[in-house]
$ cat data_15.tsv   # TSV, C-alpha atoms
chain	number	residue	atom	x	y	z
M	1	MET	CA	-50.46	-176.46	-31.03
M	2	GLU	CA	-47.68	-178.13	-29.05
M	3	THR	CA	-45.48	-180.34	-31.20
M	4	THR	CA	-44.41	-183.71	-29.80
M	5	LEU	CA	-40.72	-184.04	-30.59
M	6	PRO	CA	-39.90	-187.45	-32.08
M	7	ASN	CA	-36.99	-189.62	-31.08
M	8	LEU	CA	-33.83	-188.35	-32.79
M	9	ARG	CA	-32.71	-191.83	-33.72
M	10	HIS	CA	-36.06	-192.42	-35.41
M	11	LEU	CA	-35.64	-189.21	-37.36
M	12	ARG	CA	-32.15	-190.19	-38.50
M	13	ALA	CA	-33.45	-193.57	-39.62
M	14	PHE	CA	-36.33	-191.95	-41.50
M	15	VAL	CA	-34.00	-189.59	-43.40
M	16	GLU	CA	-31.66	-192.44	-44.35
M	17	VAL	CA	-34.54	-194.55	-45.68
M	18	ALA	CA	-35.92	-191.59	-47.62
M	19	GLU	CA	-32.51	-190.94	-49.17
M	20	ARG	CA	-31.58	-194.57	-49.93
M	21	ARG	CA	-35.08	-195.84	-50.71
M	22	SER	CA	-34.30	-198.93	-48.68
M	23	ILE	CA	-34.54	-200.03	-45.06
M	24	SER	CA	-31.78	-202.61	-45.50
M	25	ARG	CA	-29.35	-200.03	-46.87
M	26	ALA	CA	-30.25	-197.52	-44.16
M	27	ALA	CA	-29.88	-199.95	-41.25
M	28	PRO	CA	-26.04	-200.12	-41.04
M	29	ARG	CA	-25.78	-196.33	-41.32
M	30	VAL	CA	-27.91	-195.66	-38.26
M	31	PHE	CA	-26.88	-198.78	-36.31
M	32	LEU	CA	-30.43	-200.08	-36.06
M	33	SER	CA	-31.93	-203.38	-37.12
M	34	GLN	CA	-34.38	-203.46	-40.00
M	35	PRO	CA	-37.32	-204.31	-37.67
M	36	ALA	CA	-36.34	-201.37	-35.44
M	37	ILE	CA	-36.35	-199.00	-38.42
M	38	THR	CA	-39.70	-200.34	-39.59
M	39	GLN	CA	-41.07	-199.74	-36.11
M	40	ALA	CA	-39.55	-196.23	-36.01
M	41	ILE	CA	-41.18	-195.28	-39.32
M	42	GLY	CA	-44.48	-196.67	-38.10
M	43	LYS	CA	-44.32	-194.51	-34.98
M	44	LEU	CA	-43.56	-191.41	-37.05
M	45	GLU	CA	-46.46	-192.12	-39.38
M	46	GLU	CA	-48.75	-192.56	-36.40
M	47	LEU	CA	-47.51	-189.32	-34.85
M	48	LEU	CA	-47.89	-187.39	-38.09
M	49	GLN	CA	-51.08	-189.21	-39.13
M	50	THR	CA	-49.52	-189.40	-42.58
M	51	ARG	CA	-48.15	-192.23	-44.70
M	52	LEU	CA	-44.49	-191.41	-45.34
M	53	PHE	CA	-43.55	-194.22	-47.77
M	54	GLU	CA	-45.02	-196.38	-50.43
M	55	ARG	CA	-43.78	-199.93	-49.77
M	56	ARG	CA	-42.87	-201.45	-53.13
M	57	ASN	CA	-40.95	-204.49	-54.31
M	58	ASP	CA	-38.09	-202.29	-55.48
M	59	GLY	CA	-37.82	-200.31	-52.26
M	60	MET	CA	-39.36	-197.55	-50.18
M	61	LEU	CA	-40.61	-194.56	-52.19
M	62	PRO	CA	-41.36	-191.41	-50.15
M	63	THR	CA	-44.88	-190.07	-50.52
M	64	GLU	CA	-45.48	-186.36	-51.06
M	65	GLY	CA	-45.72	-185.95	-47.31
M	66	GLY	CA	-42.64	-188.09	-46.79
M	67	SER	CA	-40.61	-185.94	-49.15
M	68	LEU	CA	-41.76	-182.73	-47.46
M	69	PHE	CA	-41.03	-184.03	-43.99
M	70	ALA	CA	-37.65	-185.43	-45.03
M	71	VAL	CA	-36.56	-181.92	-46.03
M	72	ARG	CA	-37.57	-180.54	-42.64
M	73	VAL	CA	-35.94	-183.37	-40.71
M	74	GLY	CA	-32.76	-183.05	-42.77
M	75	ARG	CA	-32.58	-179.33	-41.99
M	76	ALA	CA	-33.21	-179.98	-38.30
M	77	LEU	CA	-30.50	-182.64	-38.03
M	78	THR	CA	-28.05	-180.38	-39.88
M	79	LEU	CA	-28.72	-177.62	-37.35
M	80	VAL	CA	-28.05	-180.00	-34.47
M	81	ARG	CA	-24.85	-181.25	-36.11
M	82	CYS	CA	-23.59	-177.73	-36.82
M	83	GLY	CA	-24.52	-176.69	-33.29
M	84	ALA	CA	-22.42	-179.50	-31.84
M	85	GLN	CA	-19.47	-178.69	-34.08
M	86	ASP	CA	-19.65	-174.96	-33.36
M	87	ALA	CA	-20.00	-175.62	-29.64
M	88	LEU	CA	-16.84	-177.73	-29.64
M	89	ARG	CA	-14.97	-175.04	-31.58
M	90	ALA	CA	-15.98	-172.50	-28.92
M	91	VAL	CA	-14.14	-174.42	-26.18
M	92	PRO	CA	-10.86	-172.49	-25.69
M	93	GLU	CA	-8.75	-175.36	-24.37
M	94	ARG	CA	-9.51	-179.06	-24.51
M	95	THR	CA	-7.87	-181.88	-22.59
M	96	ASN	CA	-10.10	-184.55	-24.15
M	97	ARG	CA	-12.37	-184.79	-27.14
M	98	PRO	CA	-15.39	-186.92	-28.00
M	99	VAL	CA	-14.34	-190.16	-29.70
M	100	ALA	CA	-17.24	-190.07	-32.18
M	101	PRO	CA	-19.35	-187.19	-33.52
M	102	PRO	CA	-21.42	-186.44	-30.39
M	103	GLU	CA	-24.57	-185.41	-32.28
M	104	GLN	CA	-25.01	-189.02	-33.39
M	105	MET	CA	-25.60	-189.96	-29.75
M	106	PHE	CA	-27.76	-187.01	-28.73
M	107	THR	CA	-31.27	-187.80	-27.60
M	108	THR	CA	-34.37	-185.66	-27.83
M	109	THR	CA	-34.60	-185.71	-24.03
M	110	GLN	CA	-31.11	-184.26	-23.68
M	111	LEU	CA	-31.70	-181.46	-26.19
M	112	ARG	CA	-35.07	-180.59	-24.67
M	113	ALA	CA	-33.34	-180.34	-21.29
M	114	LEU	CA	-30.70	-177.99	-22.69
M	115	VAL	CA	-33.30	-175.69	-24.29
M	116	ALA	CA	-35.49	-175.72	-21.19
M	117	VAL	CA	-32.61	-174.68	-18.94
M	118	ALA	CA	-31.59	-172.01	-21.46
M	119	ASN	CA	-35.10	-170.57	-21.31
M	120	ALA	CA	-35.70	-170.88	-17.58
M	121	GLY	CA	-32.24	-170.32	-16.09
M	122	ASN	CA	-33.16	-172.83	-13.40
M	123	PHE	CA	-33.27	-176.65	-13.31
M	124	SER	CA	-36.48	-176.78	-11.28
M	125	LEU	CA	-38.39	-174.35	-13.49
M	126	ALA	CA	-37.00	-176.02	-16.61
M	127	ALA	CA	-38.19	-179.44	-15.45
M	128	ARG	CA	-41.64	-178.06	-14.74
M	129	ALA	CA	-41.79	-176.40	-18.17
M	130	ILE	CA	-41.26	-179.68	-20.03
M	131	GLY	CA	-43.19	-181.90	-17.65
M	132	THR	CA	-40.40	-183.97	-16.15
M	133	SER	CA	-38.74	-184.35	-12.76
M	134	GLN	CA	-35.78	-182.24	-11.78
M	135	PRO	CA	-33.48	-185.29	-11.25
M	136	ALA	CA	-34.39	-186.60	-14.72
M	137	LEU	CA	-33.72	-183.23	-16.34
M	138	HIS	CA	-30.48	-182.78	-14.41
M	139	ARG	CA	-29.34	-186.24	-15.49
M	140	ALA	CA	-30.11	-185.53	-19.16
M	141	ALA	CA	-28.22	-182.23	-18.98
M	142	ARG	CA	-25.14	-183.87	-17.48
M	143	GLU	CA	-25.27	-186.68	-20.04
M	144	LEU	CA	-25.16	-184.06	-22.77
M	145	GLU	CA	-22.09	-182.50	-21.19
M	146	GLY	CA	-20.50	-185.95	-21.09
M	147	LEU	CA	-21.13	-186.53	-24.79
M	148	LEU	CA	-19.50	-183.20	-25.68
M	149	ALA	CA	-16.80	-183.59	-23.03
M	150	THR	CA	-17.25	-179.95	-22.07
M	151	LYS	CA	-19.13	-177.84	-19.55
M	152	LEU	CA	-22.46	-176.47	-20.78
M	153	PHE	CA	-23.94	-175.13	-17.52
M	154	GLU	CA	-22.57	-172.98	-14.74
M	155	ARG	CA	-24.16	-171.82	-11.52
M	156	THR	CA	-24.31	-168.08	-10.81
M	157	HIS	CA	-26.00	-165.85	-8.23
M	158	GLN	CA	-28.91	-165.47	-10.66
M	159	GLY	CA	-29.34	-169.19	-11.28
M	160	ILE	CA	-28.04	-171.52	-13.98
M	161	GLU	CA	-26.44	-169.94	-17.02
M	162	LEU	CA	-25.17	-171.60	-20.17
M	163	THR	CA	-21.50	-171.43	-21.07
M	164	ARG	CA	-20.61	-170.14	-24.52
M	165	PRO	CA	-20.63	-173.69	-26.01
M	166	GLY	CA	-23.99	-174.28	-24.31
M	167	GLN	CA	-25.45	-171.09	-25.75
M	168	ILE	CA	-24.33	-172.02	-29.25
M	169	LEU	CA	-25.79	-175.51	-29.08
M	170	ALA	CA	-29.03	-174.30	-27.48
M	171	GLN	CA	-29.63	-171.73	-30.21
M	172	GLN	CA	-29.17	-174.32	-32.95
M	173	CYS	CA	-31.40	-176.78	-31.12
M	174	LYS	CA	-34.16	-174.17	-30.87
M	175	LEU	CA	-33.92	-173.63	-34.61
M	176	ALA	CA	-33.99	-177.40	-35.16
M	177	PHE	CA	-37.13	-177.70	-33.05
M	178	ALA	CA	-38.68	-174.85	-35.05
M	179	GLU	CA	-37.94	-176.76	-38.28
M	180	LEU	CA	-39.68	-179.84	-36.91
M	181	ALA	CA	-42.67	-177.74	-35.85
M	182	GLN	CA	-42.88	-176.40	-39.39
M	183	GLY	CA	-42.69	-179.97	-40.68
M	184	PHE	CA	-45.62	-180.98	-38.48
M	185	ALA	CA	-47.59	-177.95	-39.70
M	186	GLU	CA	-46.94	-178.94	-43.31
M	187	MET	CA	-48.19	-182.46	-42.65
M	188	ARG	CA	-51.40	-181.15	-41.10
M	189	ALA	CA	-51.93	-178.81	-44.04
M	190	LEU	CA	-51.32	-181.65	-46.49
M	191	ASN	CA	-54.04	-183.62	-44.73
M	192	GLY	CA	-56.47	-180.72	-44.96
M	193	ARG	CA	-56.00	-179.73	-41.32
M	194	ASP	CA	-54.10	-176.45	-41.54
M	195	THR	CA	-54.28	-175.54	-37.85
M	196	GLY	CA	-50.77	-174.20	-37.48
M	197	ARG	CA	-49.66	-170.98	-35.81
M	198	ILE	CA	-47.68	-168.08	-37.22
M	199	VAL	CA	-45.58	-166.07	-34.78
M	200	VAL	CA	-44.83	-162.54	-35.94
M	201	GLY	CA	-42.72	-159.93	-34.17
M	202	ALA	CA	-44.54	-156.63	-34.57
M	203	MET	CA	-42.92	-153.23	-34.35
M	204	PRO	CA	-45.15	-150.19	-33.71
M	205	LEU	CA	-46.15	-149.13	-37.23
M	206	SER	CA	-47.10	-152.64	-38.34
M	207	ARG	CA	-49.64	-153.02	-35.53
M	208	HIS	CA	-51.84	-150.17	-36.77
M	209	PHE	CA	-52.63	-151.23	-40.31
M	210	ILE	CA	-50.35	-153.79	-41.95
M	211	LEU	CA	-50.84	-156.70	-39.57
M	212	PRO	CA	-54.58	-156.21	-38.92
M	213	LYS	CA	-55.17	-156.12	-42.67
M	214	ALA	CA	-53.00	-159.20	-43.32
M	215	ILE	CA	-54.38	-161.20	-40.36
M	216	ASN	CA	-58.01	-160.60	-41.37
M	217	ALA	CA	-57.20	-161.57	-44.96
M	218	LEU	CA	-55.50	-164.78	-43.81
M	219	ALA	CA	-58.46	-165.64	-41.58
M	220	GLY	CA	-60.72	-165.38	-44.61
M	221	GLU	CA	-58.62	-167.95	-46.46
M	222	LEU	CA	-57.39	-170.21	-43.64
M	223	PRO	CA	-59.67	-169.73	-40.63
M	224	GLU	CA	-58.02	-172.46	-38.54
M	225	VAL	CA	-54.54	-170.93	-38.67
M	226	GLY	CA	-53.64	-168.95	-35.57
M	227	VAL	CA	-51.48	-165.83	-35.51
M	228	HIS	CA	-49.51	-164.94	-32.39
M	229	GLU	CA	-48.28	-161.35	-32.35
M	230	VAL	CA	-45.25	-160.54	-30.19
M	231	ASP	CA	-44.29	-156.97	-29.41
M	232	GLY	CA	-41.41	-155.56	-27.42
M	233	PRO	CA	-38.05	-153.85	-27.88
M	234	TYR	CA	-36.28	-154.65	-31.14
M	235	ASP	CA	-33.44	-156.48	-29.38
M	236	GLU	CA	-35.91	-158.88	-27.75
M	237	LEU	CA	-37.76	-159.49	-31.01
M	238	LEU	CA	-34.47	-160.09	-32.81
M	239	HIS	CA	-33.42	-162.61	-30.16
M	240	GLY	CA	-36.72	-164.46	-30.58
M	241	LEU	CA	-36.30	-164.47	-34.35
M	242	ARG	CA	-32.75	-165.81	-34.25
M	243	HIS	CA	-33.71	-168.58	-31.79
M	244	GLY	CA	-36.68	-169.83	-33.79
M	245	GLU	CA	-39.28	-168.49	-31.36
M	246	ILE	CA	-40.55	-165.89	-33.88
M	247	ASP	CA	-41.08	-166.59	-37.58
M	248	PHE	CA	-40.42	-163.08	-38.89
M	249	LEU	CA	-40.49	-159.40	-37.91
M	250	VAL	CA	-42.51	-156.60	-39.53
M	251	GLY	CA	-41.54	-152.97	-38.99
M	252	ALA	CA	-38.68	-150.52	-39.27
M	253	LEU	CA	-35.52	-152.01	-40.80
M	254	ARG	CA	-32.04	-151.51	-39.37
M	255	ASN	CA	-29.03	-150.08	-41.12
M	256	PRO	CA	-26.50	-151.56	-40.81
M	257	LEU	CA	-27.72	-155.07	-40.11
M	258	PRO	CA	-27.20	-155.82	-36.40
M	259	VAL	CA	-26.15	-159.44	-37.13
M	260	ASP	CA	-25.24	-161.34	-40.28
M	261	ASP	CA	-27.67	-164.26	-39.92
M	262	ILE	CA	-30.78	-162.23	-40.83
M	263	VAL	CA	-32.05	-160.69	-44.06
M	264	GLN	CA	-34.27	-157.65	-44.56
M	265	GLU	CA	-36.85	-157.07	-47.29
M	266	ARG	CA	-37.73	-153.43	-47.85
M	267	LEU	CA	-41.45	-152.86	-48.49
M	268	PHE	CA	-41.79	-149.06	-48.48
M	269	ASP	CA	-40.36	-145.89	-46.97
M	270	ASP	CA	-42.40	-144.32	-44.21
M	271	PRO	CA	-42.19	-140.54	-43.53
M	272	LEU	CA	-42.07	-139.16	-40.01
M	273	ALA	CA	-43.92	-136.12	-38.72
M	274	ILE	CA	-43.89	-133.97	-35.60
M	275	VAL	CA	-47.17	-134.50	-33.78
M	276	ALA	CA	-48.88	-132.60	-30.96
M	277	ARG	CA	-52.35	-132.15	-29.50
M	278	ALA	CA	-54.72	-130.31	-31.81
M	279	GLY	CA	-54.69	-127.15	-29.66
M	280	HIS	CA	-50.91	-126.99	-29.26
M	281	PRO	CA	-49.36	-123.46	-29.29
M	282	LEU	CA	-47.26	-124.42	-32.35
M	283	LYS	CA	-50.22	-125.70	-34.35
M	284	GLY	CA	-50.76	-123.44	-37.35
M	285	LYS	CA	-47.56	-121.50	-36.82
M	286	ARG	CA	-45.60	-121.00	-39.99
M	287	ASN	CA	-41.85	-121.07	-40.44
M	288	LEU	CA	-41.23	-123.22	-37.39
M	289	THR	CA	-37.59	-123.38	-36.36
M	290	ILE	CA	-35.65	-126.00	-34.51
M	291	ARG	CA	-35.47	-123.59	-31.56
M	292	ASP	CA	-39.26	-123.51	-31.45
M	293	LEU	CA	-39.29	-127.27	-31.17
M	294	ALA	CA	-36.49	-127.35	-28.60
M	295	ALA	CA	-38.59	-125.26	-26.23
M	296	TYR	CA	-40.93	-128.21	-25.57
M	297	SER	CA	-40.60	-131.59	-23.94
M	298	TRP	CA	-40.68	-134.68	-26.16
M	299	ILE	CA	-41.79	-138.29	-26.22
M	300	VAL	CA	-39.52	-140.46	-28.36
M	301	PRO	CA	-38.46	-144.13	-28.63
M	302	ARG	CA	-35.40	-145.37	-26.80
M	303	SER	CA	-31.89	-144.94	-28.19
M	304	GLY	CA	-30.91	-147.23	-31.04
M	305	THR	CA	-34.25	-147.15	-32.86
M	306	PRO	CA	-34.51	-145.58	-36.33
M	307	THR	CA	-36.98	-142.92	-35.13
M	308	ARG	CA	-34.74	-141.97	-32.20
M	309	ASP	CA	-31.79	-141.69	-34.57
M	310	GLN	CA	-33.85	-139.29	-36.70
M	311	PHE	CA	-34.81	-137.27	-33.63
M	312	ASP	CA	-31.22	-136.93	-32.41
M	313	ALA	CA	-30.01	-136.04	-35.92
M	314	MET	CA	-32.67	-133.33	-36.26
M	315	PHE	CA	-31.17	-131.34	-33.39
M	316	ARG	CA	-27.56	-132.34	-33.97
M	317	SER	CA	-27.63	-131.12	-37.57
M	318	GLN	CA	-28.73	-127.67	-36.37
M	319	ARG	CA	-26.21	-127.70	-33.52
M	320	ILE	CA	-29.00	-127.36	-30.98
M	321	ALA	CA	-28.94	-129.23	-27.68
M	322	THR	CA	-31.43	-132.05	-27.41
M	323	PRO	CA	-34.37	-130.99	-25.19
M	324	GLY	CA	-34.36	-132.26	-21.62
M	325	GLY	CA	-37.12	-134.10	-19.80
M	326	ILE	CA	-37.54	-136.68	-22.58
M	327	VAL	CA	-40.02	-139.49	-22.03
M	328	GLU	CA	-38.88	-142.65	-23.81
M	329	SER	CA	-41.73	-144.81	-25.08
M	330	SER	CA	-43.02	-146.57	-28.18
M	331	SER	CA	-46.46	-147.21	-26.69
M	332	LEU	CA	-49.06	-145.35	-28.71
M	333	ILE	CA	-51.45	-145.52	-25.75
M	334	LEU	CA	-48.99	-143.71	-23.49
M	335	ILE	CA	-47.88	-141.29	-26.21
M	336	ARG	CA	-51.47	-140.38	-27.01
M	337	ALA	CA	-52.35	-139.77	-23.34
M	338	LEU	CA	-49.26	-137.62	-22.73
M	339	LEU	CA	-49.83	-135.53	-25.84
M	340	LEU	CA	-53.50	-134.87	-25.09
M	341	ASP	CA	-52.74	-133.73	-21.54
M	342	SER	CA	-49.69	-131.56	-22.20
M	343	ASP	CA	-47.79	-129.51	-24.74
M	344	ARG	CA	-45.31	-132.31	-25.41
M	345	LEU	CA	-44.27	-133.21	-28.93
M	346	THR	CA	-43.44	-136.52	-30.54
M	347	LEU	CA	-41.84	-137.79	-33.74
M	348	ILE	CA	-43.97	-140.51	-35.27
M	349	SER	CA	-45.39	-141.88	-38.51
M	350	PRO	CA	-48.59	-140.08	-39.57
M	351	HIS	CA	-50.07	-143.53	-40.25
M	352	GLN	CA	-49.96	-144.29	-36.53
M	353	ILE	CA	-52.09	-141.29	-35.51
M	354	ARG	CA	-54.53	-141.33	-38.43
M	355	LEU	CA	-57.54	-142.11	-36.24
M	356	GLU	CA	-56.66	-139.45	-33.66
M	357	GLU	CA	-56.10	-136.91	-36.42
M	358	ASP	CA	-59.47	-137.72	-38.02
M	359	GLN	CA	-61.10	-137.26	-34.61
M	360	GLY	CA	-59.49	-133.85	-34.19
M	361	LEU	CA	-57.41	-134.93	-31.20
M	362	LEU	CA	-53.87	-134.83	-32.61
M	363	ALA	CA	-52.28	-132.88	-35.44
M	364	THR	CA	-49.01	-132.72	-37.35
M	365	LEU	CA	-46.93	-129.56	-37.21
M	366	ALA	CA	-45.73	-127.72	-40.30
M	367	TYR	CA	-42.04	-128.46	-39.96
M	368	ASP	CA	-40.01	-129.76	-42.89
M	369	LEU	CA	-38.35	-133.02	-41.86
M	370	LYS	CA	-35.79	-133.54	-44.58
M	371	ARG	CA	-34.73	-137.13	-45.26
M	372	SER	CA	-36.92	-138.42	-42.43
M	373	ARG	CA	-38.22	-141.53	-44.17
M	374	ARG	CA	-37.64	-144.87	-42.47
M	375	PRO	CA	-37.49	-148.13	-44.45
M	376	ILE	CA	-40.28	-150.49	-43.35
M	377	GLY	CA	-40.16	-154.17	-44.20
M	378	ILE	CA	-39.83	-157.81	-43.23
M	379	THR	CA	-36.91	-159.36	-41.33
M	380	THR	CA	-36.28	-163.11	-41.44
M	381	ARG	CA	-33.52	-165.56	-40.57
M	382	ARG	CA	-31.09	-165.92	-43.45
M	383	ASP	CA	-31.68	-169.64	-43.95
M	384	TRP	CA	-35.39	-169.64	-43.09
M	385	HIS	CA	-37.56	-171.88	-45.27
M	386	PRO	CA	-41.22	-170.86	-44.75
M	387	THR	CA	-44.14	-173.22	-45.05
M	388	ALA	CA	-46.76	-172.56	-47.71
M	389	THR	CA	-49.00	-170.97	-45.08
M	390	GLN	CA	-46.23	-168.72	-43.79
M	391	SER	CA	-45.40	-167.73	-47.37
M	392	ARG	CA	-49.05	-166.85	-47.99
M	393	PHE	CA	-49.15	-164.67	-44.88
M	394	LEU	CA	-46.01	-162.86	-46.06
M	395	GLU	CA	-47.74	-162.20	-49.38
M	396	LEU	CA	-50.66	-160.67	-47.50
M	397	VAL	CA	-48.27	-158.52	-45.45
M	398	ARG	CA	-46.70	-157.26	-48.67
M	399	LYS	CA	-50.14	-156.53	-50.11
M	400	ALA	CA	-51.21	-154.60	-47.00
M	401	SER	CA	-47.96	-152.63	-47.10
M	402	GLY	CA	-48.73	-151.66	-50.68
M	403	TYR	CA	-51.70	-149.58	-49.52
M	404	LEU	CA	-49.40	-147.45	-47.34
M	405	LYS	CA	-46.74	-147.29	-50.02
M	406	ASN	CA	-49.19	-145.82	-52.53
M	407	GLU	CA	-50.65	-143.17	-50.23
$ encode --input "data_15.tsv" --output "structure tokens"
Amino acid sequence: METTLPNLRHLRAFVEVAERRSISRAAPRVFLSQPAITQAIGKLEELLQTRLFERRNDGMLPTEGGSLFAVRVGRALTLVRCGAQDALRAVPERTNRPVAPPEQMFTTTQLRALVAVANAGNFSLAARAIGTSQPALHRAARELEGLLATKLFERTHQGIELTRPGQILAQQCKLAFAELAQGFAEMRALNGRDTGRIVVGAMPLSRHFILPKAINALAGELPEVGVHEVDGPYDELLHGLRHGEIDFLVGALRNPLPVDDIVQERLFDDPLAIVARAGHPLKGKRNLTIRDLAAYSWIVPRSGTPTRDQFDAMFRSQRIATPGGIVESSSLILIRALLLDSDRLTLISPHQIRLEEDQGLLATLAYDLKRSRRPIGITTRRDWHPTATQSRFLELVRKASGYLKNE
């Protein structure tokens, strides 16, 4: 469900009232009149379809929903503020500086423009993506540059790219928008309308048992919640995670951590096996050597993945040259087809070929893979604060992983 982004000034006013329990005390801090703040809160309540405050003689007391949403809004505004500060620090040389903290003057329109251009790399496509005209989007983007007194966009042969300050601010704005989306989801759940969406980045192993088991279990409890599965290379999934486009990743963990703003939760260690078609010449052969394996072509994931590291180490440790003619793929569909129609080998988790093995199509070879276990788990942003629904789905992922762990 698409989230309508509220006016930033309204959000600032709402947080001040929630903190100070008073419209009159909040007004001078956000430079709005008391009637304007009252109107802003009314618009938020209408948008959220939730009463945010109890109006009492001694002040404004946040409701349960108001308290929940205030936390999300506070986190979102902090991300925008930190993004602005970090963006300014990334400017190597400055001839002029903003007179006031620029984030206090940012508008939702300006930040949406920045994020849209970051995603599209083109003003025209960005305008179309957010449903506005190109002149309006271009104007908002330039206004944002004026507030920061620095260049955020630059034209290249490929289109429009963000400068380093622009990239920093855009990433934090994406995370801020994700916080607001979570806030809206919490409000719907509080009102008995849990129709949110969970976005999970799925690496190969998780797609064959863990996620199907967890998704079906969640559907039994919360049938209106949608799950969007995203697959792709780890670097792309990590980028989506760090920019708030993906809630969490499930699959092979990385060591060392590729960046310091994520955390990994280890669920179990998954063994690897050498797999071939059931009628492969090496099937049933005892005392297989590394030279036996080197005589065949292989299908393995691309460099930098845990399984590929294991594959390279297997030959390197025996001082045997890596076989030539490697096909790089993590697609089980392609791997399966190549194995069934050739004498190729692959290095893969036995869990991923369980069905094919039961059907007598593929088989594991009797080769001792020492220390071949990969840690499998959950990867999240370091400061991620999941909703109750997201937390429940994570519990179901952990439960599904337990079945593999105990096998």
$ closest_residue --input "data_15.tsv" --among "M:Thr163, M:Thr289, M:Gln264, M:Ser206" --to "M:Leu404" --atoms "only C-alpha atoms"
M:Ser206
$ closest_residue --input "data_15.tsv" --among "M:Ile326, M:Ala400, M:Ile378, M:Leu347" --to "M:Leu253" --atoms "only C-alpha atoms"
M:Ile378
$ closest_residue --input "data_15.tsv" --among "M:Leu61, M:Leu369, M:Ala84, M:Leu169" --to "M:Leu288" --atoms "only C-alpha atoms"
M:Leu369
$ residues_around --input "data_15.tsv" --residues "M:Glu356" --least-positions-apart "3" --cutoff "12 Å" --atoms "all atoms listed in the file" --output "list in words"
Val275, Ala276, Arg277, Ala278, Leu332, Ile333, Ile335, Arg336, Ala337, Leu339, Leu340, Pro350, His351, Gln352, Ile353, Gln359, Gly360, Leu361, Leu362, Ala363 and Thr364 of chain M
$ write_last_selection --input "data_15.tsv" --atoms "C-alpha atoms" --output "compact mmCIF listing (two decimals), in the frame of the given file"
# COMPACT_ATOMS: atom_id res chain seq x y z
CA VAL M 275 -47.17 -134.50 -33.78
CA ALA M 276 -48.88 -132.60 -30.96
CA ARG M 277 -52.35 -132.15 -29.50
CA ALA M 278 -54.72 -130.31 -31.81
CA LEU M 332 -49.06 -145.35 -28.71
CA ILE M 333 -51.45 -145.52 -25.75
CA ILE M 335 -47.88 -141.29 -26.21
CA ARG M 336 -51.47 -140.38 -27.01
CA ALA M 337 -52.35 -139.77 -23.34
CA LEU M 339 -49.83 -135.53 -25.84
CA LEU M 340 -53.50 -134.87 -25.09
CA PRO M 350 -48.59 -140.08 -39.57
CA HIS M 351 -50.07 -143.53 -40.25
CA GLN M 352 -49.96 -144.29 -36.53
CA ILE M 353 -52.09 -141.29 -35.51
CA GLN M 359 -61.10 -137.26 -34.61
CA GLY M 360 -59.49 -133.85 -34.19
CA LEU M 361 -57.41 -134.93 -31.20
CA LEU M 362 -53.87 -134.83 -32.61
CA ALA M 363 -52.28 -132.88 -35.44
CA THR M 364 -49.01 -132.72 -37.35
$ closest_residue --input "data_15.tsv" --among "M:Ala118, M:Arg319, M:Ser342, M:Val397" --to "M:Glu161" --atoms "all atoms listed in the file"
M:Ala118
$ residues_around --input "data_15.tsv" --residues "M:Leu32" --least-positions-apart "6" --cutoff "12 Å" --atoms "only C-alpha atoms" --output "compact mmCIF listing (two decimals) with C-alpha atoms, keeping the file's coordinate frame"
# COMPACT_ATOMS: atom_id res chain seq x y z
CA ARG M 9 -32.71 -191.83 -33.72
CA HIS M 10 -36.06 -192.42 -35.41
CA ARG M 12 -32.15 -190.19 -38.50
CA ALA M 13 -33.45 -193.57 -39.62
CA PHE M 14 -36.33 -191.95 -41.50
CA GLU M 16 -31.66 -192.44 -44.35
CA VAL M 17 -34.54 -194.55 -45.68
CA ILE M 23 -34.54 -200.03 -45.06
CA SER M 24 -31.78 -202.61 -45.50
CA ARG M 25 -29.35 -200.03 -46.87
CA ALA M 26 -30.25 -197.52 -44.16
CA THR M 38 -39.70 -200.34 -39.59
CA GLN M 39 -41.07 -199.74 -36.11
CA ALA M 40 -39.55 -196.23 -36.01
$ axis_aligned_box --input "data_15.tsv" --around "stretch 384-394 of chain M" --padding-each-side "4 Å" --output "AutoDock Vina command-line options"
--center_x -42.3 --center_y -168.0 --center_z -45.5 --size_x 21.8 --size_y 18.4 --size_z 12.9
$ closest_residue --input "data_15.tsv" --among "M:Arg72, M:Arg207, M:Arg56, M:His138" --to "M:Ser331" --atoms "all atoms listed in the file"
M:Arg207
$ atom_distance --input "data_15.tsv" --atom1 "atom CA of M:Ile130" --atom2 "atom CA of M:Arg112"
7.8 Å
$ residues_near_point --input "data_15.tsv" --point "(-41.1, -155.1, -28.0)" --cutoff "12 Å" --atoms "all atoms listed in the file" --output "VMD selection string"
chain M and resid 200 to 204 207 229 to 240 249 to 251 301 to 302 305 329 to 331
$ closest_residue --input "data_15.tsv" --among "M:Asp343, M:Glu245, M:Asp312, M:Glu357" --to "M:Val199" --atoms "all atoms listed in the file"
M:Glu245
$ atom_distance --input "data_15.tsv" --atom1 "atom CA of M:Thr4" --atom2 "atom CA of M:Ser33"
24.4 Å
$ atom_distance --input "data_15.tsv" --atom1 "atom CA of M:Arg344" --atom2 "atom CA of M:Ile299"
7.0 Å
$ residues_near_point --input "data_15.tsv" --point "(-39.7, -187.6, -33.9)" --cutoff "9 Å" --atoms "all atoms listed in the file" --output "compact mmCIF listing (two decimals) with C-alpha atoms, keeping the file's coordinate frame"
# COMPACT_ATOMS: atom_id res chain seq x y z
CA THR M 4 -44.41 -183.71 -29.80
CA LEU M 5 -40.72 -184.04 -30.59
CA PRO M 6 -39.90 -187.45 -32.08
CA ASN M 7 -36.99 -189.62 -31.08
CA LEU M 8 -33.83 -188.35 -32.79
CA ARG M 9 -32.71 -191.83 -33.72
CA HIS M 10 -36.06 -192.42 -35.41
CA LEU M 11 -35.64 -189.21 -37.36
CA ALA M 40 -39.55 -196.23 -36.01
CA LYS M 43 -44.32 -194.51 -34.98
CA LEU M 44 -43.56 -191.41 -37.05
CA LEU M 47 -47.51 -189.32 -34.85
CA VAL M 73 -35.94 -183.37 -40.71
CA THR M 108 -34.37 -185.66 -27.83
CA LEU M 180 -39.68 -179.84 -36.91
